[in-house]
>>> print(open('target00.txt').read())   # compact mmCIF, C-alpha atoms
# COMPACT_ATOMS: atom_id res chain seq x y z
CA MET G 1 0.00 0.00 0.00
CA ALA G 2 1.23 3.49 -0.83
CA LYS G 3 2.42 5.54 2.10
CA VAL G 4 2.87 9.05 0.77
CA CYS G 5 5.43 11.64 1.79
CA SER G 6 5.29 15.19 0.41
CA ILE G 7 8.70 16.84 0.36
CA ILE G 8 8.88 20.60 -0.20
CA CYS G 9 12.21 21.48 -1.80
CA GLY G 10 14.02 24.73 -2.47
CA ALA G 11 13.70 25.54 -6.19
CA PRO G 12 12.13 28.93 -6.96
CA CYS G 13 8.46 28.20 -6.52
CA SER G 14 5.66 30.54 -7.56
CA GLU G 15 2.83 28.06 -7.04
CA LEU G 16 2.82 25.29 -4.47
CA ASP G 17 -0.05 22.99 -5.53
CA THR G 18 -1.37 22.19 -2.07
CA ASN G 19 -3.98 19.77 -3.54
CA LEU G 20 -1.26 17.18 -4.10
CA ILE G 21 0.33 17.59 -0.66
CA GLU G 22 -0.63 14.75 1.67
CA GLY G 23 0.85 12.19 4.08
CA LEU G 24 4.01 12.97 5.98
CA VAL G 25 5.21 16.49 5.08
CA ILE G 26 8.95 17.24 5.08
CA ALA G 27 10.47 20.62 4.28
CA ALA G 28 14.00 20.55 2.85
CA ASP G 29 15.92 23.74 3.75
CA ARG G 30 14.41 26.70 1.84
CA GLY G 31 11.29 24.56 1.30
CA LEU G 32 10.45 25.52 4.87
CA ASP G 33 9.86 29.12 3.73
CA TYR G 34 7.60 27.93 0.89
CA ALA G 35 5.64 25.62 3.21
CA LEU G 36 5.04 28.30 5.85
CA THR G 37 4.08 30.89 3.18
CA ALA G 38 1.50 28.40 1.84
CA GLY G 39 0.14 27.90 5.36
CA ILE G 40 1.50 24.35 5.67
CA ALA G 41 3.18 23.28 8.92
CA PRO G 42 5.57 20.47 7.97
CA ASP G 43 6.03 17.46 10.25
CA ILE G 44 9.80 17.57 9.78
CA ALA G 45 12.33 20.15 8.57
CA VAL G 46 15.69 18.81 7.30
CA GLY G 47 18.80 20.42 5.86
CA ASP G 48 21.85 22.50 6.59
CA PHE G 49 19.55 25.56 6.67
CA ASP G 50 22.02 27.61 4.66
CA SER G 51 19.19 29.11 2.62
CA ALA G 52 15.95 28.97 4.69
CA GLU G 53 14.97 32.36 6.09
CA SER G 54 12.26 31.20 8.51
CA PRO G 55 13.20 29.77 11.91
CA VAL G 56 11.91 26.21 12.41
CA PRO G 57 8.57 26.59 14.27
CA SER G 58 8.18 24.85 17.62
CA GLY G 59 6.44 21.50 17.21
CA VAL G 60 8.25 20.80 13.93
CA GLU G 61 10.87 18.06 14.23
CA CYS G 62 14.20 19.49 13.04
CA ILE G 63 17.01 17.41 11.49
CA ARG G 64 19.99 19.71 11.07
CA VAL G 65 23.11 18.58 9.18
CA SER G 66 26.48 20.11 8.32
CA PRO G 67 26.67 22.06 5.02
CA ILE G 68 29.77 19.95 4.20
CA LYS G 69 28.01 16.76 3.15
CA ASP G 70 27.73 14.36 0.24
CA ASP G 71 23.91 14.24 0.16
CA THR G 72 21.82 17.17 -1.08
CA ASP G 73 19.09 18.45 1.27
CA THR G 74 16.55 16.82 -1.04
CA VAL G 75 18.26 13.41 -0.76
CA LEU G 76 18.37 13.81 3.04
CA ALA G 77 14.63 14.48 3.04
CA ALA G 78 14.02 11.42 0.83
CA ASN G 79 16.07 9.17 3.11
CA THR G 80 14.21 10.52 6.15
CA ALA G 81 10.87 9.72 4.46
CA ILE G 82 11.98 6.18 3.65
CA GLU G 83 13.20 5.63 7.24
CA ARG G 84 9.70 6.62 8.38
CA GLY G 85 8.18 3.92 6.13
CA CYS G 86 7.06 6.02 3.14
CA ASN G 87 7.25 4.46 -0.34
CA GLU G 88 5.67 7.15 -2.54
CA LEU G 89 7.60 10.41 -2.49
CA ARG G 90 6.34 13.63 -4.07
CA PHE G 91 8.92 16.40 -4.37
CA PHE G 92 7.48 19.90 -4.77
CA CYS G 93 9.50 22.99 -5.82
CA ALA G 94 11.96 20.43 -7.20
CA LEU G 95 12.17 21.73 -10.80
CA GLY G 96 12.72 25.11 -12.41
CA GLY G 97 15.73 26.28 -10.42
CA ARG G 98 19.39 25.67 -11.25
CA LEU G 99 19.73 22.97 -13.90
CA ASP G 100 22.37 21.11 -11.86
CA HIS G 101 19.90 20.80 -8.97
CA THR G 102 17.20 19.55 -11.35
CA PHE G 103 19.59 16.99 -12.81
CA ALA G 104 20.71 15.86 -9.33
CA ASN G 105 17.03 15.37 -8.43
CA ILE G 106 16.47 13.22 -11.53
CA GLN G 107 19.51 11.07 -10.65
CA MET G 108 18.06 10.68 -7.16
CA LEU G 109 14.85 9.29 -8.73
CA TYR G 110 16.96 6.58 -10.38
CA ASP G 111 18.42 5.64 -7.00
CA LEU G 112 14.91 5.57 -5.48
CA ILE G 113 13.50 3.32 -8.22
CA GLY G 114 16.33 0.85 -7.52
CA ARG G 115 15.15 0.77 -3.90
CA GLY G 116 11.52 0.13 -4.92
CA ILE G 117 10.45 3.69 -4.12
CA CYS G 118 8.24 5.70 -6.47
CA GLY G 119 9.30 9.36 -6.72
CA LYS G 120 7.87 12.29 -8.70
CA LEU G 121 9.34 15.77 -9.09
CA TYR G 122 6.98 18.75 -9.42
CA GLY G 123 7.60 22.40 -10.19
CA ASN G 124 7.36 25.05 -12.88
CA GLY G 125 4.19 23.41 -14.33
CA GLU G 126 6.22 20.26 -14.99
CA CYS G 127 6.12 16.76 -13.50
CA VAL G 128 9.06 14.36 -13.95
CA TYR G 129 9.39 10.67 -13.02
CA LEU G 130 10.96 7.40 -14.10
CA LEU G 131 9.26 4.23 -15.30
CA HIS G 132 11.15 0.95 -15.02
CA ASP G 133 9.67 -2.31 -16.36
CA ASP G 134 6.29 -0.78 -15.71
CA ALA G 135 3.41 1.10 -17.37
CA ALA G 136 1.74 4.43 -16.62
CA GLU G 137 -1.76 5.67 -17.46
CA ILE G 138 -1.77 9.46 -17.84
CA PRO G 139 -5.07 11.39 -18.10
CA ARG G 140 -5.21 14.00 -20.86
CA TYR G 141 -4.02 17.52 -20.10
CA ASP G 142 -3.12 20.60 -22.17
CA GLY G 143 0.58 20.54 -22.93
CA TYR G 144 3.33 18.16 -23.89
CA LEU G 145 4.29 14.64 -22.86
CA SER G 146 7.92 13.67 -23.44
CA VAL G 147 9.44 10.22 -23.00
CA PHE G 148 13.23 9.69 -22.95
CA SER G 149 15.47 6.70 -22.45
CA TYR G 150 17.21 7.36 -19.14
CA GLY G 151 19.91 4.75 -19.70
CA GLU G 152 21.67 3.69 -22.93
CA SER G 153 18.37 2.37 -24.40
CA ALA G 154 14.81 1.41 -23.50
CA LEU G 155 11.98 -0.42 -25.27
CA VAL G 156 8.80 1.68 -25.21
CA SER G 157 5.19 1.65 -26.36
CA GLU G 158 3.04 4.77 -26.35
CA SER G 159 -0.68 4.85 -27.15
CA GLY G 160 -3.38 7.51 -26.88
CA VAL G 161 -0.86 10.08 -28.15
CA LYS G 162 -0.34 12.09 -31.35
CA TYR G 163 2.81 10.12 -32.27
CA PRO G 164 2.32 6.54 -31.00
CA LEU G 165 5.17 4.05 -30.67
CA ASP G 166 4.93 0.27 -30.69
CA CYS G 167 7.83 -1.55 -29.01
CA HIS G 168 10.27 1.10 -30.23
CA ARG G 169 13.85 1.13 -28.97
CA LEU G 170 14.65 4.62 -27.72
CA THR G 171 18.27 5.56 -27.03
CA ASN G 172 19.79 8.32 -24.91
CA SER G 173 21.36 9.88 -28.00
CA PHE G 174 18.21 10.52 -30.01
CA PRO G 175 15.20 12.09 -28.25
CA LEU G 176 12.50 10.75 -30.57
CA GLY G 177 9.91 10.83 -27.76
CA VAL G 178 10.11 14.58 -27.06
CA SER G 179 7.05 16.88 -27.37
CA ASN G 180 4.30 14.32 -27.83
CA GLU G 181 0.69 15.21 -26.97
CA ILE G 182 -2.11 13.17 -25.40
CA THR G 183 -5.03 12.80 -27.82
CA ALA G 184 -7.17 10.12 -26.09
CA GLN G 185 -8.82 10.36 -22.66
CA THR G 186 -5.76 8.63 -21.25
CA ALA G 187 -2.30 7.93 -22.64
CA ARG G 188 -0.57 4.66 -21.85
CA ILE G 189 3.23 4.50 -21.69
CA THR G 190 4.92 1.13 -21.25
CA ALA G 191 8.59 0.54 -20.47
CA HIS G 192 9.01 -3.03 -21.76
CA GLU G 193 12.70 -2.92 -21.03
CA GLY G 194 15.01 -0.33 -19.46
CA THR G 195 14.14 2.90 -17.71
CA LEU G 196 12.09 5.72 -19.19
CA LEU G 197 12.25 9.33 -18.07
CA ILE G 198 8.78 10.90 -18.38
CA MET G 199 8.21 14.65 -18.48
CA GLU G 200 4.70 16.10 -18.32
CA VAL G 201 4.69 19.78 -19.27
CA ARG G 202 1.40 21.58 -18.63
CA GLU G 203 0.60 24.84 -20.40
CA MET M 1 41.29 22.30 -36.58
CA ALA M 2 38.14 23.64 -35.01
CA LYS M 3 35.55 24.98 -37.41
CA VAL M 4 32.98 26.73 -35.28
CA CYS M 5 29.25 27.02 -35.86
CA SER M 6 27.08 29.19 -33.60
CA ILE M 7 23.48 27.99 -33.48
CA ILE M 8 20.86 30.29 -31.98
CA CYS M 9 18.00 28.21 -30.58
CA GLY M 10 14.55 29.03 -29.27
CA ALA M 11 14.62 28.86 -25.45
CA PRO M 12 13.55 32.07 -23.69
CA CYS M 13 16.65 34.17 -23.93
CA SER M 14 17.20 37.40 -22.04
CA GLU M 15 20.87 37.76 -22.88
CA LEU M 16 22.49 36.55 -26.07
CA ASP M 17 26.25 36.63 -25.35
CA THR M 18 27.40 37.89 -28.73
CA ASN M 19 31.09 37.62 -27.68
CA LEU M 20 30.94 33.86 -28.08
CA ILE M 21 29.15 33.96 -31.44
CA GLU M 22 31.52 33.24 -34.30
CA GLY M 23 31.93 31.12 -37.42
CA LEU M 24 28.93 29.98 -39.40
CA VAL M 25 25.75 31.33 -37.75
CA ILE M 26 22.54 29.31 -37.94
CA ALA M 27 19.22 30.38 -36.45
CA ALA M 28 16.85 27.57 -35.46
CA ASP M 29 13.20 28.66 -35.70
CA ARG M 30 12.49 31.22 -32.95
CA GLY M 31 16.25 31.75 -32.64
CA LEU M 32 15.82 33.90 -35.74
CA ASP M 33 13.92 36.47 -33.66
CA TYR M 34 16.67 36.47 -31.01
CA ALA M 35 19.41 36.82 -33.63
CA LEU M 36 17.75 39.72 -35.43
CA THR M 37 16.96 41.48 -32.11
CA ALA M 38 20.66 41.20 -31.18
CA GLY M 39 21.63 42.68 -34.56
CA ILE M 40 23.01 39.41 -35.92
CA ALA M 41 22.19 38.36 -39.48
CA PRO M 42 22.48 34.56 -39.54
CA ASP M 43 23.95 32.79 -42.54
CA ILE M 44 21.21 30.16 -42.46
CA ALA M 45 17.74 29.89 -40.89
CA VAL M 46 16.34 26.36 -40.36
CA GLY M 47 13.15 24.97 -38.87
CA ASP M 48 9.46 24.51 -39.35
CA PHE M 49 9.02 28.21 -38.40
CA ASP M 50 6.04 27.39 -36.20
CA SER M 51 7.28 29.81 -33.57
CA ALA M 52 9.50 32.48 -35.24
CA GLU M 53 7.75 35.83 -35.63
CA SER M 54 10.25 37.49 -37.96
CA PRO M 55 10.21 36.75 -41.69
CA VAL M 56 13.50 35.31 -42.97
CA PRO M 57 15.46 38.34 -44.31
CA SER M 58 16.58 38.25 -47.92
CA GLY M 59 20.15 37.04 -48.22
CA VAL M 60 19.67 34.49 -45.44
CA GLU M 61 19.61 30.91 -46.71
CA CYS M 62 16.37 29.31 -45.55
CA ILE M 63 15.91 25.58 -44.88
CA ARG M 64 12.22 25.03 -44.19
CA VAL M 65 10.93 21.64 -42.99
CA SER M 66 7.53 20.16 -42.11
CA PRO M 67 6.45 20.53 -38.45
CA ILE M 68 5.71 16.76 -38.52
CA LYS M 69 9.26 15.51 -38.16
CA ASP M 70 11.42 13.30 -35.96
CA ASP M 71 14.27 15.79 -35.51
CA THR M 72 13.93 18.90 -33.36
CA ASP M 73 14.76 22.25 -35.00
CA THR M 74 17.97 22.26 -32.95
CA VAL M 75 19.03 18.84 -34.27
CA LEU M 76 18.26 20.02 -37.83
CA ALA M 77 20.53 23.02 -37.27
CA ALA M 78 23.29 20.77 -35.88
CA ASN M 79 23.10 18.42 -38.86
CA THR M 80 23.20 21.38 -41.23
CA ALA M 81 26.34 22.68 -39.48
CA ILE M 82 28.04 19.28 -39.73
CA GLU M 83 27.14 19.00 -43.43
CA ARG M 84 28.89 22.37 -43.92
CA GLY M 85 32.07 20.99 -42.30
CA CYS M 86 31.77 22.40 -38.76
CA ASN M 87 33.04 20.31 -35.84
CA GLU M 88 32.58 22.68 -32.88
CA LEU M 89 28.96 23.60 -32.28
CA ARG M 90 27.84 26.27 -29.81
CA PHE M 91 24.12 26.33 -29.08
CA PHE M 92 22.83 29.61 -27.64
CA CYS M 93 19.38 30.07 -26.04
CA ALA M 94 19.49 26.28 -25.62
CA LEU M 95 18.83 26.10 -21.86
CA GLY M 96 16.30 27.63 -19.49
CA GLY M 97 13.12 26.89 -21.41
CA ARG M 98 10.96 23.78 -21.17
CA LEU M 99 12.83 21.01 -19.35
CA ASP M 100 11.97 18.47 -22.06
CA HIS M 101 13.67 20.68 -24.66
CA THR M 102 16.72 21.05 -22.41
CA PHE M 103 16.88 17.29 -21.92
CA ALA M 104 16.49 16.65 -25.65
CA ASN M 105 19.39 19.05 -26.27
CA ILE M 106 21.58 17.15 -23.78
CA GLN M 107 20.75 13.83 -25.50
CA MET M 108 21.70 15.47 -28.81
CA LEU M 109 25.14 16.30 -27.33
CA TYR M 110 25.61 12.57 -26.66
CA ASP M 111 24.85 11.81 -30.29
CA LEU M 112 27.29 14.54 -31.42
CA ILE M 113 30.12 13.27 -29.21
CA GLY M 114 29.67 9.82 -30.81
CA ARG M 115 30.22 11.51 -34.19
CA GLY M 116 33.37 13.27 -32.99
CA ILE M 117 31.66 16.64 -32.74
CA CYS M 118 32.13 18.91 -29.75
CA GLY M 119 28.90 20.64 -28.66
CA LYS M 120 28.14 23.10 -25.86
CA LEU M 121 24.75 24.39 -24.75
CA TYR M 122 24.46 27.96 -23.41
CA GLY M 123 21.61 29.85 -21.78
CA ASN M 124 20.25 31.11 -18.49
CA GLY M 125 23.80 31.78 -17.19
CA GLU M 126 24.57 28.07 -17.59
CA CYS M 127 26.88 26.12 -19.91
CA VAL M 128 26.42 22.36 -20.41
CA TYR M 129 28.59 19.84 -22.30
CA LEU M 130 29.80 16.25 -22.26
CA LEU M 131 33.32 14.94 -21.74
CA HIS M 132 34.16 11.47 -23.05
CA ASP M 133 37.59 9.89 -22.45
CA ASP M 134 38.93 13.41 -22.32
CA ALA M 135 39.92 16.23 -19.95
CA ALA M 136 38.78 19.85 -19.63
CA GLU M 137 40.56 22.88 -18.15
CA ILE M 138 38.02 25.38 -16.80
CA PRO M 139 39.13 28.89 -15.72
CA ARG M 140 37.73 30.05 -12.38
CA TYR M 141 34.38 31.87 -12.32
CA ASP M 142 31.87 32.82 -9.63
CA GLY M 143 29.31 30.06 -9.29
CA TYR M 144 29.04 26.31 -9.27
CA LEU M 145 30.61 23.51 -11.28
CA SER M 146 28.71 20.22 -11.35
CA VAL M 147 29.92 16.93 -12.82
CA PHE M 148 27.53 14.01 -13.39
CA SER M 149 27.89 10.56 -14.87
CA TYR M 150 25.83 10.67 -18.07
CA GLY M 151 25.70 6.90 -18.48
CA GLU M 152 25.49 4.15 -15.83
CA SER M 153 28.93 5.11 -14.41
CA ALA M 154 32.09 7.10 -15.16
CA LEU M 155 35.56 7.34 -13.65
CA VAL M 156 36.43 10.94 -12.83
CA SER M 157 39.20 13.09 -11.35
CA GLU M 158 38.62 16.70 -10.33
CA SER M 159 41.34 19.08 -9.17
CA GLY M 160 41.45 22.81 -8.46
CA VAL M 161 38.01 22.53 -6.84
CA LYS M 162 36.61 22.72 -3.30
CA TYR M 163 35.76 18.99 -3.25
CA PRO M 164 38.42 17.21 -5.34
CA LEU M 165 38.03 13.64 -6.59
CA ASP M 166 40.78 11.20 -7.54
CA CYS M 167 39.72 8.42 -9.92
CA HIS M 168 36.30 8.25 -8.30
CA ARG M 169 33.54 6.16 -9.87
CA LEU M 170 30.44 8.34 -10.26
CA THR M 171 27.10 6.69 -11.07
CA ASN M 172 23.91 8.10 -12.55
CA SER M 173 22.02 7.29 -9.34
CA PHE M 174 24.09 9.35 -6.90
CA PRO M 175 25.02 12.94 -7.89
CA LEU M 176 28.14 13.27 -5.71
CA GLY M 177 29.66 15.80 -8.13
CA VAL M 178 26.89 18.42 -7.86
CA SER M 179 27.57 22.00 -6.66
CA ASN M 180 31.36 22.00 -6.58
CA GLU M 181 33.29 25.28 -6.80
CA ILE M 182 36.53 26.20 -8.56
CA THR M 183 39.15 27.31 -6.02
CA ALA M 184 42.35 27.39 -8.15
CA GLN M 185 43.02 29.55 -11.21
CA THR M 186 41.84 26.65 -13.34
CA ALA M 187 39.95 23.46 -12.54
CA ARG M 188 40.85 20.24 -14.32
CA ILE M 189 38.18 17.58 -14.90
CA THR M 190 39.21 14.24 -16.37
CA ALA M 191 36.86 11.52 -17.65
CA HIS M 192 39.13 8.46 -17.38
CA GLU M 193 36.29 6.21 -18.45
CA GLY M 194 32.70 6.82 -19.50
CA THR M 195 30.94 10.08 -20.27
CA LEU M 196 30.65 13.04 -17.91
CA LEU M 197 27.96 15.69 -18.07
CA ILE M 198 29.45 19.03 -17.01
CA MET M 199 27.30 21.98 -15.89
CA GLU M 200 28.86 25.40 -15.30
CA VAL M 201 26.45 27.69 -13.44
CA ARG M 202 27.54 31.34 -13.25
CA GLU M 203 26.09 33.64 -10.61
>>> encode(input="target00.txt", output="structure tokens")
Amino acid sequence: MAKVCSIICGAPCSELDTNLIEGLVIAADRGLDYALTAGIAPDIAVGDFDSAESPVPSGVECIRVSPIKDDTDTVLAANTAIERGCNELRFFCALGGRLDHTFANIQMLYDLIGRGICGKLYGNGECVYLLHDDAAEIPRYDGYLSVFSYGESALVSESGVKYPLDCHRLTNSFPLGVSNEITAQTARITAHEGTLLIMEVRE
Amino acid sequence: MAKVCSIICGAPCSELDTNLIEGLVIAADRGLDYALTAGIAPDIAVGDFDSAESPVPSGVECIRVSPIKDDTDTVLAANTAIERGCNELRFFCALGGRLDHTFANIQMLYDLIGRGICGKLYGNGECVYLLHDDAAEIPRYDGYLSVFSYGESALVSESGVKYPLDCHRLTNSFPLGVSNEITAQTARITAHEGTLLIMEVRE
């Protein structure tokens, strides 16, 4: 059964979609400012707090670490969530900031999927996740749906989209699956083999 | 010998650093607007022109393609540059827009490196490129230097930086090389094995 954790990260964040926030709530460093501004009291605040402006409110569990560390604040929050038994992690304000942070977050998703944990990054009107030997049903929305091979190659089928694919081998040197659009009520993406990186871009 | 092509792409672009623009100049779709606004007349304009607002000026070679195509406008521009004998491709306004476009551009770099072509993406104060069985010397700047394994793993050394690495095996599931800083006059990054994704973020 899914046990959800909502992790509020530190990328520049104009809109925090509070509808999707449920379960255990963890603020990672500057995410604490975003949470408090949105009227959300997190259960836990983690990080080196080199960029949060708000003090940690009383009643919020605080996990403070040294700024000299190998893990990013987001990875620390993810590990905390997993230690507390969560297996579905939603990362808000996790996209749209520095590209190196975004890329580090995507690499973290690959670590999570290897540990059997489902993770999704949200931010900037975009939603990013990985699909490994699995399928996803995605309800139609206005915008673009892009599917990439995360590793060297992946075998993919896409239906319910403008440019369908049937057991096509995608590689990480040719982004054939970029900028598709959902045309049916629901799109179905299947990773028959390998790991797919899915990007939903809403407009 | 390096034969440079400067390709102006279509990501939202506040500053087009004209100092770096040299060689053959190609505008890809909306990049035509950015080029003309910056007072640059490209040699060639390519794309489906579904998003450029400016008409192609007379004297500019125009390569127009159908919007229903497998290649992105940026890949079309890259292939045009290679056909004209260029082997060092600089892509401006290639970062900072939709994340799926950014990711597609990075995957294109991996294709280019396999063809012996050096490519760098610029935009949003960031510069992104791949390093394969090679080393790079990077002069100091204010900001962050991040090094990722592009494939499953890569063997890397980093010197002249705050957190040096000596023949360390990076993987694409743990971004140990994120948010480093150059401390010496010049940093040296070596990919002993595998492919590194380098991100320079200037502040």
>>> interface_residues(input="target00.txt", of="chain G", to="chain M", cutoff="8 Å", atoms="only C-alpha atoms", output="list in words")
Asp70, Asp71, Arg98, Leu99, Asp100, His101, Ala104, Gln107, Met108, Leu109, Tyr110, Asp111, Glu126, Ser146, Gly151, Glu152, Asn172, Ser173, Phe174, Pro175, Leu176, Val178, Ser179, Met199 and Val201 of chain G
>>> residues_around(input="target00.txt", residues="Cys93 in chain M", least_positions_apart="6", cutoff="6 Å", atoms="only C-alpha atoms", output="count of residues only")
5
>>> closest_residue(input="target00.txt", among="M:Ser54, M:Asn19, M:Thr195, M:Ser14", to="Leu130 in chain M", atoms="only C-alpha atoms")
M:Thr195
>>> closest_residue(input="target00.txt", among="M:Glu88, M:Asp48, M:Glu83, M:Glu61", to="Glu22 in chain M", atoms="only C-alpha atoms")
M:Glu88
>>> residues_around(input="target00.txt", residues="Val156 in chain G", least_positions_apart="3", cutoff="8 Å", atoms="all atoms listed in the file", output="list in words")
Leu165, Asp166, Cys167, His168, Arg169, Leu170, Ile189, Thr190, Ala191, His192, Glu193 and Leu196 of chain G
>>> atom_distance(input="target00.txt", atom1="CA of Thr186 in chain G", atom2="CA of Ile21 in chain G")
23.3 Å
>>> residues_around(input="target00.txt", residues="Ser51 in chain M", least_positions_apart="3", cutoff="12 Å", atoms="all atoms listed in the file", output="list in words")
Cys9, Gly10, Ala11, Pro12, Ala28, Asp29, Arg30, Gly31, Leu32, Asp33, Tyr34, Val46, Gly47, Asp48, Ser54, Pro55, Pro67 and Asp73 of chain M
>>> closest_residue(input="target00.txt", among="G:Gly59, G:Gly39, G:Gly194, G:Gly23", to="Arg84 in chain G", atoms="only C-alpha atoms")
G:Gly23
>>> closest_residue(input="target00.txt", among="M:Arg202, M:Thr183, M:Gly116, M:Arg90", to="Asp142 in chain M", atoms="all atoms listed in the file")
M:Arg202
>>> atom_distance(input="target00.txt", atom1="CA of Leu89 in chain G", atom2="CA of His132 in chain G")
16.1 Å
>>> atom_distance(input="target00.txt", atom1="CA of Val56 in chain M", atom2="CA of Leu76 in chain M")
16.8 Å
>>> closest_residue(input="target00.txt", among="M:Ser6, M:Ser153, M:Thr37, M:Thr80", to="Leu24 in chain M", atoms="all atoms listed in the file")
M:Ser6
>>> residues_around(input="target00.txt", residues="Arg188 in chain G", least_positions_apart="4", cutoff="12 Å", atoms="all atoms listed in the file", output="ChimeraX atom specification")
/G:131,134-140,145,147,156-161,164-166,181-184,198
